[in-house]
Amino acid sequence: DGAQERRIARNFGDLPLIVLTGGLTSKGMTISDAGKSATQAVWESGHDRLAQRSSRGESIHLPDTGHRIDLEEPERVVEAIRKVISQARPR
């Protein structure tokens with residue numbers, strides 16, 4: 001939640017950071033479509049704020065993926081890891 005986020009907030013400077021967010025995080029929830037949309041918006045904005053903690057942070061939204069991005073789109077996870085490693089190497 002927002003209070004917890006503020007309590008543990010820290011700046012990551014220029015460390016490379018990629019945050020992947022599934023677009024189906026509310027899949028299976030027993031709430032209205034409007035409630036699902038609101039939940040998704042809060043989830044995405046929290047991930048966007050996390051990415052903004054680094055000057056090289058990037059937030060990537062995967063609209064057709066649920067919570068288990070590692071199982072549903074493993075190639076996107078590998079791609080993100082490779083990108084972070086590449087950015088972290090000495091220039």
# chains A, B, ... in the order shown; residues from 1 in each chain; ligands from 1
$ select_by_dssp --residues "range 27-90 of chain A" --states "alpha helix (DSSP H)" --output "PyMOL selection string"
chain A and resi 33-51+69-72+74-88
$ select_by_dssp --residues "chain A" --states "strand (DSSP E or B)" --output "compact mmCIF listing (two decimals) with all heavy atoms, in the first residue's frame"
# COMPACT_ATOMS: atom_id res chain seq x y z
N GLY A 13 19.45 5.69 -7.58
CA GLY A 13 20.45 6.41 -8.36
C GLY A 13 20.33 6.10 -9.84
O GLY A 13 19.26 6.19 -10.42
N LEU A 17 17.22 -0.67 -13.87
CA LEU A 17 16.08 -1.29 -13.22
C LEU A 17 14.95 -1.45 -14.23
O LEU A 17 14.61 -0.49 -14.93
CB LEU A 17 15.61 -0.41 -12.06
CG LEU A 17 14.30 -0.78 -11.37
CD1 LEU A 17 14.43 -2.11 -10.64
CD2 LEU A 17 13.88 0.33 -10.41
N ILE A 18 14.40 -2.64 -14.33
CA ILE A 18 13.24 -2.88 -15.17
C ILE A 18 12.18 -3.54 -14.31
O ILE A 18 12.44 -4.52 -13.63
CB ILE A 18 13.57 -3.77 -16.39
CG1 ILE A 18 14.58 -3.07 -17.30
CG2 ILE A 18 12.30 -4.11 -17.16
CD1 ILE A 18 15.02 -3.90 -18.50
N VAL A 19 10.98 -2.98 -14.36
CA VAL A 19 9.84 -3.52 -13.63
C VAL A 19 8.82 -4.02 -14.66
O VAL A 19 8.37 -3.26 -15.49
CB VAL A 19 9.19 -2.46 -12.72
CG1 VAL A 19 8.02 -3.05 -11.95
CG2 VAL A 19 10.22 -1.86 -11.77
N LEU A 20 8.51 -5.31 -14.61
CA LEU A 20 7.52 -5.89 -15.51
C LEU A 20 6.19 -6.00 -14.77
O LEU A 20 6.15 -6.47 -13.63
CB LEU A 20 7.97 -7.29 -15.95
CG LEU A 20 9.31 -7.38 -16.68
CD1 LEU A 20 9.66 -8.84 -16.96
CD2 LEU A 20 9.28 -6.57 -17.96
N THR A 21 5.12 -5.57 -15.44
CA THR A 21 3.80 -5.60 -14.83
C THR A 21 2.83 -6.32 -15.74
O THR A 21 2.66 -5.91 -16.89
CB THR A 21 3.28 -4.17 -14.56
OG1 THR A 21 4.25 -3.46 -13.80
CG2 THR A 21 1.96 -4.21 -13.82
N GLY A 22 2.21 -7.36 -15.22
CA GLY A 22 1.20 -8.07 -15.99
C GLY A 22 -0.09 -7.27 -16.04
O GLY A 22 -0.46 -6.59 -15.09
N SER A 54 14.96 4.97 -10.11
CA SER A 54 16.24 4.96 -10.78
C SER A 54 16.16 5.87 -12.00
O SER A 54 15.15 5.88 -12.71
CB SER A 54 16.60 3.54 -11.25
OG SER A 54 17.72 3.59 -12.13
N GLY A 57 15.47 3.67 -14.72
CA GLY A 57 14.37 2.75 -14.50
C GLY A 57 13.41 2.72 -15.67
O GLY A 57 13.20 3.73 -16.35
N GLU A 58 12.85 1.56 -15.90
CA GLU A 58 11.90 1.37 -16.99
C GLU A 58 10.76 0.48 -16.50
O GLU A 58 11.00 -0.55 -15.87
CB GLU A 58 12.62 0.70 -18.16
CG GLU A 58 11.80 0.47 -19.37
CD GLU A 58 12.59 -0.17 -20.51
OE1 GLU A 58 13.82 -0.34 -20.40
OE2 GLU A 58 11.95 -0.53 -21.51
N SER A 59 9.55 0.90 -16.77
CA SER A 59 8.37 0.13 -16.41
C SER A 59 7.76 -0.42 -17.69
O SER A 59 7.43 0.35 -18.60
CB SER A 59 7.38 1.01 -15.67
OG SER A 59 6.27 0.25 -15.23
N ILE A 60 7.64 -1.73 -17.77
CA ILE A 60 7.09 -2.37 -18.96
C ILE A 60 5.79 -3.06 -18.59
O ILE A 60 5.77 -3.93 -17.71
CB ILE A 60 8.09 -3.39 -19.55
CG1 ILE A 60 9.39 -2.69 -19.94
CG2 ILE A 60 7.46 -4.11 -20.75
CD1 ILE A 60 10.49 -3.63 -20.39
N HIS A 61 4.72 -2.67 -19.26
CA HIS A 61 3.39 -3.25 -19.02
C HIS A 61 3.15 -4.33 -20.06
O HIS A 61 3.30 -4.10 -21.26
CB HIS A 61 2.31 -2.17 -19.10
CG HIS A 61 2.46 -1.12 -18.05
ND1 HIS A 61 1.39 -0.60 -17.37
CD2 HIS A 61 3.54 -0.51 -17.53
CE1 HIS A 61 1.83 0.29 -16.50
NE2 HIS A 61 3.13 0.36 -16.59
N LEU A 62 2.77 -5.51 -19.60
CA LEU A 62 2.49 -6.65 -20.47
C LEU A 62 0.99 -6.95 -20.36
O LEU A 62 0.57 -7.71 -19.48
CB LEU A 62 3.34 -7.84 -20.06
CG LEU A 62 4.86 -7.58 -20.03
CD1 LEU A 62 5.60 -8.75 -19.42
CD2 LEU A 62 5.37 -7.28 -21.42
$ residues_around --residues "Ser86 in chain A" --least-positions-apart "4" --cutoff "12 Å" --atoms "only C-alpha atoms" --output "ChimeraX atom specification"
/A:15-17,79-82,90-91
$ residues_around --residues "Ala41 in chain A" --least-positions-apart "4" --cutoff "12 Å" --atoms "only C-alpha atoms" --output "ChimeraX atom specification"
/A:21-26,34-37,45-48,61,63
$ write_last_selection --atoms "N, CA and C atoms" --output "mmCIF file, in the first residue's frame"
data_model
loop_
_atom_site.group_PDB
_atom_site.id
_atom_site.type_symbol
_atom_site.label_atom_id
_atom_site.label_comp_id
_atom_site.auth_asym_id
_atom_site.auth_seq_id
_atom_site.Cartn_x
_atom_site.Cartn_y
_atom_site.Cartn_z
ATOM 1 N N THR A 21 5.121 -5.572 -15.439
ATOM 2 C CA THR A 21 3.800 -5.602 -14.828
ATOM 3 C C THR A 21 2.826 -6.316 -15.740
ATOM 4 N N GLY A 22 2.209 -7.358 -15.221
ATOM 5 C CA GLY A 22 1.195 -8.073 -15.986
ATOM 6 C C GLY A 22 -0.095 -7.275 -16.036
ATOM 7 N N GLY A 23 -0.769 -7.357 -17.162
ATOM 8 C CA GLY A 23 -2.011 -6.612 -17.342
ATOM 9 C C GLY A 23 -3.241 -7.353 -16.876
ATOM 10 N N LEU A 24 -3.066 -8.591 -16.458
ATOM 11 C CA LEU A 24 -4.208 -9.394 -16.021
ATOM 12 C C LEU A 24 -4.092 -9.714 -14.533
ATOM 13 N N THR A 25 -3.555 -8.789 -13.743
ATOM 14 C CA THR A 25 -3.330 -9.066 -12.324
ATOM 15 C C THR A 25 -4.622 -9.280 -11.555
ATOM 16 N N SER A 26 -5.713 -8.750 -12.074
ATOM 17 C CA SER A 26 -6.981 -8.919 -11.353
ATOM 18 C C SER A 26 -7.808 -10.089 -11.909
ATOM 19 N N ALA A 34 -15.238 -2.573 -13.254
ATOM 20 C CA ALA A 34 -14.719 -1.263 -12.851
ATOM 21 C C ALA A 34 -13.726 -1.419 -11.699
ATOM 22 N N GLY A 35 -14.037 -2.301 -10.774
ATOM 23 C CA GLY A 35 -13.132 -2.568 -9.655
ATOM 24 C C GLY A 35 -11.822 -3.175 -10.136
ATOM 25 N N LYS A 36 -11.921 -4.086 -11.108
ATOM 26 C CA LYS A 36 -10.714 -4.704 -11.680
ATOM 27 C C LYS A 36 -9.852 -3.647 -12.357
ATOM 28 N N SER A 37 -10.492 -2.755 -13.108
ATOM 29 C CA SER A 37 -9.747 -1.691 -13.791
ATOM 30 C C SER A 37 -9.059 -0.775 -12.786
ATOM 31 N N SER A 45 0.478 1.888 -11.455
ATOM 32 C CA SER A 45 1.083 3.149 -11.013
ATOM 33 C C SER A 45 2.126 2.902 -9.917
ATOM 34 N N GLY A 46 1.888 1.922 -9.064
ATOM 35 C CA GLY A 46 2.886 1.567 -8.051
ATOM 36 C C GLY A 46 4.164 1.047 -8.687
ATOM 37 N N HIS A 47 4.029 0.231 -9.717
ATOM 38 C CA HIS A 47 5.200 -0.293 -10.423
ATOM 39 C C HIS A 47 5.916 0.826 -11.177
ATOM 40 N N ASP A 48 5.150 1.757 -11.735
ATOM 41 C CA ASP A 48 5.762 2.903 -12.420
ATOM 42 C C ASP A 48 6.579 3.735 -11.432
ATOM 43 N N HIS A 61 4.717 -2.666 -19.262
ATOM 44 C CA HIS A 61 3.392 -3.248 -19.022
ATOM 45 C C HIS A 61 3.145 -4.331 -20.063
ATOM 46 N N PRO A 63 0.184 -6.385 -21.229
ATOM 47 C CA PRO A 63 -1.271 -6.439 -21.074
ATOM 48 C C PRO A 63 -1.887 -7.831 -21.133
#
